[in-house]
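Below is the file data03.pdb, which contains PDB, C-alpha atoms and all ligand atoms.
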```
ATOM      1  CA  SER L 187      72.540 -52.164 -61.754
ATOM      2  CA  ARG L 188      76.219 -52.001 -62.766
ATOM      3  CA  ILE L 189      77.262 -51.397 -66.349
ATOM      4  CA  LYS L 190      80.045 -53.800 -67.268
ATOM      5  CA  GLU L 191      79.931 -53.654 -71.017
ATOM      6  CA  VAL L 192      78.489 -51.369 -73.679
ATOM      7  CA  GLU L 193      78.595 -51.923 -77.409
ATOM      8  CA  PHE L 194      77.268 -49.826 -80.245
ATOM      9  CA  VAL L 195      74.904 -51.952 -82.301
ATOM     10  CA  LYS L 196      73.473 -49.812 -85.066
ATOM     11  CA  SER L 197      72.020 -46.554 -86.288
ATOM     12  CA  SER L 198      68.562 -46.733 -87.798
ATOM     13  CA  SER L 199      66.758 -44.148 -89.847
ATOM     14  CA  ARG L 200      63.332 -45.702 -89.328
ATOM     15  CA  ALA L 201      61.608 -47.468 -86.463
ATOM     16  CA  ARG L 202      61.252 -50.615 -88.529
ATOM     17  CA  ASP L 203      65.033 -50.858 -89.011
ATOM     18  CA  CYS L 204      65.697 -51.051 -85.259
ATOM     19  CA  PRO L 205      67.034 -54.309 -83.733
ATOM     20  CA  LYS L 206      64.409 -57.052 -83.600
ATOM     21  CA  ASP L 207      65.713 -59.224 -80.775
ATOM     22  CA  GLU L 208      63.098 -58.285 -78.157
ATOM     23  CA  ARG L 209      65.543 -57.055 -75.538
ATOM     24  CA  PRO L 210      64.083 -54.286 -73.342
ATOM     25  CA  GLU L 211      65.144 -50.729 -74.064
ATOM     26  CA  PHE L 212      65.155 -47.187 -72.709
ATOM     27  CA  ALA L 213      64.968 -44.218 -75.042
ATOM     28  CA  ILE L 214      66.795 -41.032 -74.138
ATOM     29  CA  LEU L 215      65.167 -37.901 -75.435
ATOM     30  CA  GLY L 216      65.528 -34.166 -74.998
ATOM     31  CA  ARG L 217      66.049 -30.743 -76.480
ATOM     32  CA  SER L 218      69.328 -30.310 -78.300
ATOM     33  CA  ASN L 219      71.973 -29.037 -75.866
ATOM     34  CA  VAL L 220      70.104 -30.443 -72.856
ATOM     35  CA  GLY L 221      73.202 -32.470 -71.939
ATOM     36  CA  LYS L 222      72.208 -35.788 -73.507
ATOM     37  CA  SER L 223      75.652 -36.854 -74.760
ATOM     38  CA  SER L 224      77.255 -35.796 -71.488
ATOM     39  CA  LEU L 225      74.759 -37.839 -69.481
ATOM     40  CA  ILE L 226      75.136 -40.915 -71.682
ATOM     41  CA  ASN L 227      78.904 -40.598 -71.204
ATOM     42  CA  VAL L 228      78.506 -40.490 -67.452
ATOM     43  CA  LEU L 229      76.097 -43.421 -67.450
ATOM     44  CA  VAL L 230      78.214 -45.776 -69.521
ATOM     45  CA  ARG L 231      81.617 -44.238 -68.707
ATOM     46  CA  LYS L 232      82.709 -44.617 -72.295
ATOM     47  CA  LYS L 233      83.554 -41.662 -74.495
ATOM     48  CA  GLU L 234      83.067 -43.280 -77.881
ATOM     49  CA  VAL L 235      79.407 -43.966 -77.169
ATOM     50  CA  ALA L 236      78.445 -40.323 -77.063
ATOM     51  CA  ARG L 237      80.755 -39.505 -79.955
ATOM     52  CA  THR L 238      78.881 -41.982 -82.129
ATOM     53  CA  SER L 239      75.653 -40.320 -81.115
ATOM     54  CA  LYS L 240      76.811 -36.836 -81.886
ATOM     55  CA  LYS L 241      76.474 -35.966 -85.533
ATOM     56  CA  PRO L 242      75.138 -32.425 -85.600
ATOM     57  CA  GLY L 243      73.278 -31.406 -88.703
ATOM     58  CA  LYS L 244      73.419 -34.933 -90.123
ATOM     59  CA  THR L 245      70.576 -37.286 -90.823
ATOM     60  CA  GLN L 246      68.550 -38.002 -87.741
ATOM     61  CA  LEU L 247      69.220 -41.467 -86.483
ATOM     62  CA  ILE L 248      68.087 -43.806 -83.758
ATOM     63  CA  ASN L 249      71.247 -45.211 -82.133
ATOM     64  CA  HIS L 250      71.118 -48.520 -80.260
ATOM     65  CA  PHE L 251      73.694 -49.343 -77.573
ATOM     66  CA  LEU L 252      73.611 -52.801 -76.011
ATOM     67  CA  VAL L 253      74.380 -52.838 -72.279
ATOM     68  CA  ASN L 254      75.658 -55.995 -70.539
ATOM     69  CA  LYS L 255      74.324 -57.984 -73.518
ATOM     70  CA  GLY L 256      70.896 -57.665 -71.950
ATOM     71  CA  TRP L 257      69.199 -54.335 -72.673
ATOM     72  CA  TYR L 258      69.470 -51.254 -74.832
ATOM     73  CA  ILE L 259      70.061 -47.581 -74.302
ATOM     74  CA  VAL L 260      68.581 -45.821 -77.311
ATOM     75  CA  ASP L 261      69.762 -42.373 -78.246
ATOM     76  CA  LEU L 262      67.061 -40.482 -80.108
ATOM     77  CA  PRO L 263      67.629 -37.293 -82.098
ATOM     78  CA  GLY L 264      67.370 -34.084 -80.077
ATOM     79  CA  TYR L 265      64.442 -31.800 -80.701
ATOM     80  CA  GLY L 266      63.947 -28.054 -80.604
ATOM     81  CA  PHE L 267      66.671 -26.668 -82.813
ATOM     82  CA  ALA L 268      65.715 -23.005 -82.597
ATOM     83  CA  LYS L 269      66.786 -22.272 -86.143
ATOM     84  CA  ALA L 270      65.456 -25.390 -87.805
ATOM     85  CA  PRO L 271      62.925 -24.746 -90.542
ATOM     86  CA  GLU L 272      59.370 -25.892 -89.945
ATOM     87  CA  THR L 273      59.832 -28.862 -92.296
ATOM     88  CA  ALA L 274      62.771 -30.191 -90.271
ATOM     89  CA  ARG L 275      60.723 -29.917 -87.105
ATOM     90  CA  MET L 276      57.843 -31.799 -88.689
ATOM     91  CA  ASP L 277      60.311 -34.481 -89.783
ATOM     92  CA  TRP L 278      61.523 -34.842 -86.233
ATOM     93  CA  SER L 279      58.084 -35.410 -84.890
ATOM     94  CA  SER L 280      56.851 -37.899 -87.484
ATOM     95  CA  PHE L 281      60.140 -39.812 -87.316
ATOM     96  CA  THR L 282      60.296 -39.992 -83.535
ATOM     97  CA  LYS L 283      56.595 -40.564 -83.108
ATOM     98  CA  GLY L 284      56.912 -43.518 -85.497
ATOM     99  CA  TYR L 285      59.465 -44.990 -83.133
ATOM    100  CA  PHE L 286      57.325 -44.472 -80.019
ATOM    101  CA  MET L 287      54.166 -45.877 -81.507
ATOM    102  CA  ASN L 288      55.816 -49.012 -82.923
ATOM    103  CA  ARG L 289      58.390 -50.072 -80.392
ATOM    104  CA  ASN L 290      56.955 -52.845 -78.241
ATOM    105  CA  THR L 291      60.208 -53.429 -76.370
ATOM    106  CA  LEU L 292      60.321 -49.851 -75.070
ATOM    107  CA  VAL L 293      60.335 -50.005 -71.258
ATOM    108  CA  GLY L 294      60.418 -46.270 -70.753
ATOM    109  CA  VAL L 295      61.519 -42.895 -72.004
ATOM    110  CA  LEU L 296      64.052 -40.833 -70.107
ATOM    111  CA  LEU L 297      62.950 -37.306 -70.923
ATOM    112  CA  LEU L 298      65.868 -34.977 -70.269
ATOM    113  CA  ILE L 299      65.007 -31.505 -69.028
ATOM    114  CA  ASP L 300      67.529 -28.732 -68.418
ATOM    115  CA  ALA L 301      67.126 -27.667 -64.772
ATOM    116  CA  SER L 302      69.175 -24.525 -65.292
ATOM    117  CA  VAL L 303      66.457 -22.798 -67.316
ATOM    118  CA  PRO L 304      62.761 -22.102 -66.635
ATOM    119  CA  PRO L 305      60.223 -24.614 -68.033
ATOM    120  CA  GLN L 306      60.318 -24.616 -71.833
ATOM    121  CA  LYS L 307      57.134 -25.003 -73.840
ATOM    122  CA  ILE L 308      58.665 -27.582 -76.155
ATOM    123  CA  ASP L 309      59.582 -29.843 -73.198
ATOM    124  CA  LEU L 310      56.115 -29.497 -71.703
ATOM    125  CA  ASP L 311      54.594 -30.310 -75.110
ATOM    126  CA  CYS L 312      56.789 -33.371 -75.408
ATOM    127  CA  ALA L 313      55.939 -34.610 -71.895
ATOM    128  CA  ASN L 314      52.253 -34.044 -72.550
ATOM    129  CA  TRP L 315      52.405 -35.889 -75.864
ATOM    130  CA  LEU L 316      54.102 -38.894 -74.233
ATOM    131  CA  GLY L 317      51.583 -38.806 -71.388
ATOM    132  CA  ARG L 318      48.601 -38.649 -73.717
ATOM    133  CA  ASN L 319      49.954 -41.643 -75.617
ATOM    134  CA  ASN L 320      50.533 -43.648 -72.417
ATOM    135  CA  ILE L 321      54.250 -43.955 -73.010
ATOM    136  CA  PRO L 322      55.928 -44.459 -69.624
ATOM    137  CA  MET L 323      58.487 -41.777 -68.864
ATOM    138  CA  THR L 324      60.891 -40.539 -66.241
ATOM    139  CA  PHE L 325      61.877 -36.889 -65.977
ATOM    140  CA  VAL L 326      65.649 -36.667 -65.844
ATOM    141  CA  PHE L 327      66.654 -33.135 -64.878
ATOM    142  CA  THR L 328      70.111 -32.239 -66.160
ATOM    143  CA  LYS L 329      72.695 -29.621 -65.124
ATOM    144  CA  CYS L 330      71.509 -29.617 -61.505
ATOM    145  CA  ASP L 331      74.993 -28.479 -60.428
ATOM    146  CA  LYS L 332      74.540 -25.082 -62.088
ATOM    147  CA  MET L 333      74.563 -22.183 -59.661
ATOM    148  CA  LYS L 334      74.563 -19.396 -62.207
ATOM    149  CA  VAL L 335      71.172 -19.640 -63.785
ATOM    150  CA  SER L 336      68.932 -17.652 -66.054
ATOM    151  CA  LYS L 337      66.235 -15.364 -64.621
ATOM    152  CA  GLY L 338      67.638 -15.830 -61.122
ATOM    153  CA  LYS L 339      66.100 -19.220 -60.413
ATOM    154  CA  MET L 340      68.009 -22.180 -59.038
ATOM    155  CA  PRO L 341      67.676 -25.679 -60.523
ATOM    156  CA  HIS L 342      65.352 -26.896 -57.752
ATOM    157  CA  GLU L 343      63.044 -23.923 -58.390
ATOM    158  CA  ASN L 344      62.926 -24.591 -62.128
ATOM    159  CA  ILE L 345      62.192 -28.252 -61.391
ATOM    160  CA  ARG L 346      59.358 -27.273 -59.040
ATOM    161  CA  ASP L 347      57.915 -24.912 -61.664
ATOM    162  CA  PHE L 348      58.120 -27.634 -64.323
ATOM    163  CA  GLN L 349      56.396 -30.176 -62.061
ATOM    164  CA  GLN L 350      53.634 -27.693 -61.270
ATOM    165  CA  LEU L 351      52.940 -27.066 -64.945
ATOM    166  CA  ILE L 352      52.922 -30.805 -65.649
ATOM    167  CA  GLY L 353      50.805 -31.588 -62.597
ATOM    168  CA  GLN L 354      47.803 -29.941 -64.160
ATOM    169  CA  ASN L 355      47.711 -32.671 -66.805
ATOM    170  CA  TYR L 356      48.398 -35.810 -64.804
ATOM    171  CA  GLY L 357      46.664 -37.774 -62.112
ATOM    172  CA  LYS L 358      49.949 -39.378 -61.151
ATOM    173  CA  HIS L 359      53.315 -37.680 -61.554
ATOM    174  CA  PRO L 360      56.028 -39.412 -63.561
ATOM    175  CA  ALA L 361      59.106 -40.433 -61.572
ATOM    176  CA  TRP L 362      61.871 -37.860 -61.648
ATOM    177  CA  ILE L 363      65.607 -37.775 -60.961
ATOM    178  CA  MET L 364      68.046 -34.888 -60.541
ATOM    179  CA  THR L 365      71.365 -35.349 -62.354
ATOM    180  CA  SER L 366      74.615 -33.602 -63.131
ATOM    181  CA  SER L 367      77.205 -34.801 -65.588
ATOM    182  CA  VAL L 368      79.746 -32.596 -63.838
ATOM    183  CA  THR L 369      79.380 -34.046 -60.340
ATOM    184  CA  GLY L 370      77.886 -37.448 -61.214
ATOM    185  CA  LEU L 371      74.769 -36.644 -59.178
ATOM    186  CA  GLY L 372      71.935 -39.042 -59.980
ATOM    187  CA  ARG L 373      73.963 -41.621 -61.893
ATOM    188  CA  ASP L 374      73.457 -44.483 -59.450
ATOM    189  CA  GLU L 375      69.850 -43.533 -58.842
ATOM    190  CA  LEU L 376      69.131 -43.541 -62.573
ATOM    191  CA  LEU L 377      70.808 -46.936 -63.117
ATOM    192  CA  LEU L 378      68.890 -48.413 -60.187
ATOM    193  CA  HIS L 379      65.642 -46.926 -61.474
ATOM    194  CA  MET L 380      66.214 -48.500 -64.892
ATOM    195  CA  SER L 381      66.997 -51.894 -63.391
ATOM    196  CA  GLN L 382      63.777 -51.752 -61.353
ATOM    197  CA  LEU L 383      61.716 -50.886 -64.433
ATOM    198  CA  ARG L 384      63.311 -53.756 -66.391
ATOM    199  CA  ASN L 385      62.453 -56.254 -63.702
ATOM    200  CA  TYR L 386      58.798 -55.323 -63.401
TER
HETATM  201  P1  LIG J 401      73.418 -32.554 -76.102
HETATM  202  O1  LIG J 401      73.338 -31.638 -77.281
HETATM  203  O2  LIG J 401      72.084 -32.733 -75.465
HETATM  204  O3  LIG J 401      74.094 -33.864 -76.387
HETATM  205  O4  LIG J 401      74.270 -31.767 -74.982
HETATM  206  P2  LIG J 401      75.803 -31.915 -74.527
HETATM  207  O5  LIG J 401      76.011 -33.132 -73.707
HETATM  208  O6  LIG J 401      76.686 -31.731 -75.694
HETATM  209  O7  LIG J 401      75.912 -30.647 -73.550
HETATM  210  C1  LIG J 401      75.574 -29.342 -73.978
HETATM  211  C2  LIG J 401      76.328 -28.325 -73.133
HETATM  212  O8  LIG J 401      75.901 -28.383 -71.778
HETATM  213  C3  LIG J 401      77.830 -28.566 -73.110
HETATM  214  O9  LIG J 401      78.473 -27.303 -73.108
HETATM  215  C4  LIG J 401      78.056 -29.302 -71.804
HETATM  216  O10 LIG J 401      79.349 -29.085 -71.280
HETATM  217  C5  LIG J 401      76.996 -28.681 -70.912
HETATM  218  N1  LIG J 401      76.535 -29.636 -69.891
HETATM  219  C6  LIG J 401      76.053 -30.881 -70.123
HETATM  220  N2  LIG J 401      75.716 -31.482 -68.974
HETATM  221  C7  LIG J 401      75.998 -30.612 -67.964
HETATM  222  C8  LIG J 401      75.868 -30.659 -66.541
HETATM  223  O11 LIG J 401      75.414 -31.631 -65.932
HETATM  224  N3  LIG J 401      76.259 -29.547 -65.855
HETATM  225  C9  LIG J 401      76.743 -28.434 -66.470
HETATM  226  N4  LIG J 401      77.101 -27.397 -65.696
HETATM  227  N5  LIG J 401      76.882 -28.374 -67.809
HETATM  228  C10 LIG J 401      76.515 -29.431 -68.563
END
```
Let me see the structure of the file written as structure tokens.
Amino acid sequence: SRIKEVEFVKSSSRARDCPKDERPEFAILGRSNVGKSSLINVLVRKKEVARTSKKPGKTQLINHFLVNKGWYIVDLPGYGFAKAPETARMDWSSFTKGYFMNRNTLVGVLLLIDASVPPQKIDLDCANWLGRNNIPMTFVFTKCDKMKVSKGKMPHENIRDFQQLIGQNYGKHPAWIMTSSVTGLGRDELLLHMSQLRNY
């Protein structure tokens, strides 16, 4: 499950512009500020990858990164900009949903969830939408190193609360991994998990 080589392939503005070579891929998704660029940096250990992904306020793009010439990490636009107008939010959902519904090579979604805050409705909505549409996902909890947290709850308590809220909607719980981009917690576990899913 080692990453030897990562190359940026392209940015696409529509699902149908994405690479067509049939290699398996993992989409990384989460609320803006969840720690997505930091985690991608830690995963691939290459700064320019996350820099390419980070274009705040610009057109929303699907970014494909080819790993070891064999599979893709796909960086999707973040959701949940608090100040975004309703129309921008609608755009996000139709754009991203178009990707999910049309991407046959998608092995799984890594749904990033900030473990330093209590469960957020928008994350629960997203998880429920993916679940209802039978899109395989893994919960990747970010910022698990944080000791100073909002409303006095520790990351493991927020994770437990999130799982309980999700549990009401699922027969079987999605896999989940605790990570920190500060300590590197979860990096190896996440890479191993992805290699197992690819080899199914
Ligand atoms: P993005 O908008 O989802 O790409 O989020 P970023 O990667 O830019 O991170 C947003 C903020 O959270 C930044 O201030 C990061 O330094 C911080 N952050 C990201 N990951 C972690 C983490 O694992 N632990 C802690 N303590 N802070 C993090």
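Non-sequential neighbours of Ile352 (chain L) (distance at most 9 Å, separation of 5 or more positions within a chain, all atoms listed in the file) are Leu310, Ala313, Asn314, Asp347 and His359 of chain L.
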Could you tell me which residues the PyMOL selection byres (((chain L and resi 214) around 7) and not hetatm) returns for this structure, as a VMD selection string?
chain L and resid 212 to 213 215 260 to 262 295 to 297
Could you list, with a cut-off of 6 Å and counting all atoms listed in the file, the residues of chain L near ligand LIG 401 (chain J), each shown with its nearest atom pair and the distance in Å rounded to one decimal, rows sorted by chain and ascending number, as a Markdown table?
```
| residue | atom | partner | partner_atom | distance |
| --- | --- | --- | --- | --- |
| L:Ser218 | CA | J:LIG401 | O1 | 4.3 |
| L:Asn219 | CA | J:LIG401 | O1 | 3.3 |
| L:Val220 | CA | J:LIG401 | O2 | 4.0 |
| L:Gly221 | CA | J:LIG401 | O4 | 3.3 |
| L:Lys222 | CA | J:LIG401 | O2 | 3.6 |
| L:Ser223 | CA | J:LIG401 | O3 | 3.7 |
| L:Ser224 | CA | J:LIG401 | O5 | 3.7 |
| L:Thr328 | CA | J:LIG401 | O11 | 5.3 |
| L:Lys329 | CA | J:LIG401 | O11 | 3.5 |
| L:Asp331 | CA | J:LIG401 | N3 | 5.7 |
| L:Lys332 | CA | J:LIG401 | N4 | 5.0 |
| L:Ser366 | CA | J:LIG401 | O11 | 3.5 |
| L:Ser367 | CA | J:LIG401 | O11 | 3.7 |
| L:Val368 | CA | J:LIG401 | O11 | 4.9 |
```
Can you spell out as a count of residues only the set of residues that the PyMOL selection byres (((chain L and resi 312) around 12) and not hetatm) selects in the structure I just provided? 33
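Shortest separation to Cys330 (chain L) among L:Leu377, L:Ala301, L:Ile226, L:Leu351 occurs at residue L:Ala301, atoms counted being all atoms listed in the file.
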- Could you pull out every residue with an atom within 10 Å of (76.2, -48.9, -69.0), file coordinates, counting all atoms listed in the file, and send them as a PyMOL selection string? chain L and resi 187-193+226-232+251-254+257-259+377
Take the PyMOL selection byres (((chain L and resi 363) around 6) and not hetatm), run it mentally on this structure, and tell me the resulting residues as a PyMOL selection string. chain L and resi 326+362+364
Could you please take those selected residues and save C-alpha atoms as an mmCIF file, in the frame of the given file?
```cif
data_model
loop_
_atom_site.group_PDB
_atom_site.id
_atom_site.type_symbol
_atom_site.label_atom_id
_atom_site.label_comp_id
_atom_site.auth_asym_id
_atom_site.auth_seq_id
_atom_site.Cartn_x
_atom_site.Cartn_y
_atom_site.Cartn_z
ATOM 1 C CA VAL L 326 65.649 -36.667 -65.844
ATOM 2 C CA TRP L 362 61.871 -37.860 -61.648
ATOM 3 C CA MET L 364 68.046 -34.888 -60.541
#
```
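One distance worth recording is that between CA of Val303 (chain L) and CA of Glu375 (chain L), which is 22.7 Å.
If you look at CA of Lys358 (chain L) and CA of Thr324 (chain L), they are 12.1 Å away from each other.
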CA of Glu211 (chain L) to CA of His379 (chain L) measures 13.2 Å
Hey, can I get the axis-aligned box for region 190-199 of chain L? All listed atoms, 4 Å padding on each side, centre and edge lengths in Å to one decimal, as AutoDock Vina command-line options.
```
--center_x 73.4 --center_y -49.0 --center_z -78.6 --size_x 21.3 --size_y 17.7 --size_z 30.6
```
Protein and nucleic acid residues near (61.7, -52.2, -72.7) (cut-off 8 Å, all atoms listed in the file) as a short mmCIF file (atom, residue, chain, number, x, y, z; two decimals) with C-alpha atoms, in the frame of the given file:
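Output file out-v1.cif follows:
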```
data_model
loop_
_atom_site.label_atom_id
_atom_site.label_comp_id
_atom_site.auth_asym_id
_atom_site.auth_seq_id
_atom_site.Cartn_x
_atom_site.Cartn_y
_atom_site.Cartn_z
CA ARG L 209 65.54 -57.06 -75.54
CA PRO L 210 64.08 -54.29 -73.34
CA GLU L 211 65.14 -50.73 -74.06
CA PHE L 212 65.16 -47.19 -72.71
CA TRP L 257 69.20 -54.34 -72.67
CA ASN L 290 56.96 -52.84 -78.24
CA THR L 291 60.21 -53.43 -76.37
CA LEU L 292 60.32 -49.85 -75.07
CA VAL L 293 60.34 -50.00 -71.26
CA GLY L 294 60.42 -46.27 -70.75
CA ARG L 384 63.31 -53.76 -66.39
#
```
Lys255 (chain L) proximity check over L:Val195, L:Met340, L:Met333, L:Leu383, using all atoms listed in the file: winner is L:Val195
Extract region 319-345 of chain L from the structure I just pasted (atoms: N, CA and C atoms) and return it as a PDB file, in the first residue's frame.
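Output contents, as saved in decode-v6.pdb:
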```pdb
ATOM      1  N   ASN L 319     -28.036   6.087  -1.937  1.00  0.00           N
ATOM      2  CA  ASN L 319     -27.711   5.822  -3.335  1.00  0.00           C
ATOM      3  C   ASN L 319     -26.716   4.673  -3.508  1.00  0.00           C
ATOM      4  N   ASN L 320     -26.510   3.924  -2.427  1.00  0.00           N
ATOM      5  CA  ASN L 320     -25.632   2.743  -2.452  1.00  0.00           C
ATOM      6  C   ASN L 320     -24.223   3.041  -2.935  1.00  0.00           C
ATOM      7  N   ILE L 321     -23.715   4.201  -2.584  1.00  0.00           N
ATOM      8  CA  ILE L 321     -22.346   4.539  -2.941  1.00  0.00           C
ATOM      9  C   ILE L 321     -21.466   4.166  -1.748  1.00  0.00           C
ATOM     10  N   PRO L 322     -20.517   3.226  -1.959  1.00  0.00           N
ATOM     11  CA  PRO L 322     -19.723   2.756  -0.826  1.00  0.00           C
ATOM     12  C   PRO L 322     -18.880   3.874  -0.230  1.00  0.00           C
ATOM     13  N   MET L 323     -18.864   3.973   1.092  1.00  0.00           N
ATOM     14  CA  MET L 323     -18.096   5.056   1.702  1.00  0.00           C
ATOM     15  C   MET L 323     -17.387   4.592   2.963  1.00  0.00           C
ATOM     16  N   THR L 324     -16.360   5.353   3.295  1.00  0.00           N
ATOM     17  CA  THR L 324     -15.610   5.175   4.530  1.00  0.00           C
ATOM     18  C   THR L 324     -15.648   6.515   5.249  1.00  0.00           C
ATOM     19  N   PHE L 325     -15.945   6.487   6.545  1.00  0.00           N
ATOM     20  CA  PHE L 325     -15.861   7.723   7.325  1.00  0.00           C
ATOM     21  C   PHE L 325     -14.414   7.940   7.731  1.00  0.00           C
ATOM     22  N   VAL L 326     -13.863   9.066   7.327  1.00  0.00           N
ATOM     23  CA  VAL L 326     -12.499   9.405   7.724  1.00  0.00           C
ATOM     24  C   VAL L 326     -12.586  10.607   8.660  1.00  0.00           C
ATOM     25  N   PHE L 327     -12.411  10.349   9.956  1.00  0.00           N
ATOM     26  CA  PHE L 327     -12.498  11.434  10.935  1.00  0.00           C
ATOM     27  C   PHE L 327     -11.168  12.178  10.977  1.00  0.00           C
ATOM     28  N   THR L 328     -11.245  13.493  10.832  1.00  0.00           N
ATOM     29  CA  THR L 328     -10.039  14.319  10.793  1.00  0.00           C
ATOM     30  C   THR L 328      -9.845  15.052  12.126  1.00  0.00           C
ATOM     31  N   LYS L 329      -8.646  15.580  12.306  1.00  0.00           N
ATOM     32  CA  LYS L 329      -8.292  16.411  13.473  1.00  0.00           C
ATOM     33  C   LYS L 329      -8.448  15.669  14.800  1.00  0.00           C
ATOM     34  N   CYS L 330      -8.177  14.363  14.781  1.00  0.00           N
ATOM     35  CA  CYS L 330      -8.352  13.559  15.996  1.00  0.00           C
ATOM     36  C   CYS L 330      -7.307  13.880  17.063  1.00  0.00           C
ATOM     37  N   ASP L 331      -6.289  14.654  16.712  1.00  0.00           N
ATOM     38  CA  ASP L 331      -5.290  15.083  17.700  1.00  0.00           C
ATOM     39  C   ASP L 331      -5.798  16.210  18.595  1.00  0.00           C
ATOM     40  N   LYS L 332      -6.882  16.863  18.197  1.00  0.00           N
ATOM     41  CA  LYS L 332      -7.291  18.095  18.893  1.00  0.00           C
ATOM     42  C   LYS L 332      -7.780  17.815  20.311  1.00  0.00           C
ATOM     43  N   MET L 333      -7.176  18.531  21.258  1.00  0.00           N
ATOM     44  CA  MET L 333      -7.557  18.356  22.656  1.00  0.00           C
ATOM     45  C   MET L 333      -8.483  19.478  23.111  1.00  0.00           C
ATOM     46  N   LYS L 334      -8.349  20.622  22.453  1.00  0.00           N
ATOM     47  CA  LYS L 334      -9.193  21.754  22.810  1.00  0.00           C
ATOM     48  C   LYS L 334     -10.357  21.755  21.831  1.00  0.00           C
ATOM     49  N   VAL L 335     -11.518  21.396  22.311  1.00  0.00           N
ATOM     50  CA  VAL L 335     -12.606  21.157  21.383  1.00  0.00           C
ATOM     51  C   VAL L 335     -13.843  21.948  21.779  1.00  0.00           C
ATOM     52  N   SER L 336     -14.735  22.092  20.806  1.00  0.00           N
ATOM     53  CA  SER L 336     -15.918  22.907  21.083  1.00  0.00           C
ATOM     54  C   SER L 336     -16.926  22.126  21.918  1.00  0.00           C
ATOM     55  N   LYS L 337     -17.673  22.823  22.740  1.00  0.00           N
ATOM     56  CA  LYS L 337     -18.709  22.252  23.601  1.00  0.00           C
ATOM     57  C   LYS L 337     -18.187  21.147  24.517  1.00  0.00           C
ATOM     58  N   GLY L 338     -16.866  21.193  24.793  1.00  0.00           N
ATOM     59  CA  GLY L 338     -16.314  20.302  25.812  1.00  0.00           C
ATOM     60  C   GLY L 338     -16.253  18.829  25.468  1.00  0.00           C
ATOM     61  N   LYS L 339     -16.464  18.468  24.206  1.00  0.00           N
ATOM     62  CA  LYS L 339     -16.376  17.048  23.869  1.00  0.00           C
ATOM     63  C   LYS L 339     -15.070  16.736  23.156  1.00  0.00           C
ATOM     64  N   MET L 340     -14.526  15.570  23.457  1.00  0.00           N
ATOM     65  CA  MET L 340     -13.288  15.123  22.839  1.00  0.00           C
ATOM     66  C   MET L 340     -13.605  14.455  21.504  1.00  0.00           C
ATOM     67  N   PRO L 341     -12.592  14.362  20.608  1.00  0.00           N
ATOM     68  CA  PRO L 341     -12.840  13.742  19.310  1.00  0.00           C
ATOM     69  C   PRO L 341     -13.558  12.390  19.397  1.00  0.00           C
ATOM     70  N   HIS L 342     -13.118  11.510  20.308  1.00  0.00           N
ATOM     71  CA  HIS L 342     -13.757  10.181  20.329  1.00  0.00           C
ATOM     72  C   HIS L 342     -15.238  10.266  20.719  1.00  0.00           C
ATOM     73  N   GLU L 343     -15.581  11.293  21.506  1.00  0.00           N
ATOM     74  CA  GLU L 343     -17.003  11.464  21.875  1.00  0.00           C
ATOM     75  C   GLU L 343     -17.816  11.978  20.694  1.00  0.00           C
ATOM     76  N   ASN L 344     -17.238  12.922  19.937  1.00  0.00           N
ATOM     77  CA  ASN L 344     -17.929  13.412  18.748  1.00  0.00           C
ATOM     78  C   ASN L 344     -18.116  12.299  17.726  1.00  0.00           C
ATOM     79  N   ILE L 345     -17.096  11.439  17.610  1.00  0.00           N
ATOM     80  CA  ILE L 345     -17.168  10.318  16.666  1.00  0.00           C
ATOM     81  C   ILE L 345     -18.297   9.365  17.093  1.00  0.00           C
TER      82      ILE L 345
END
```
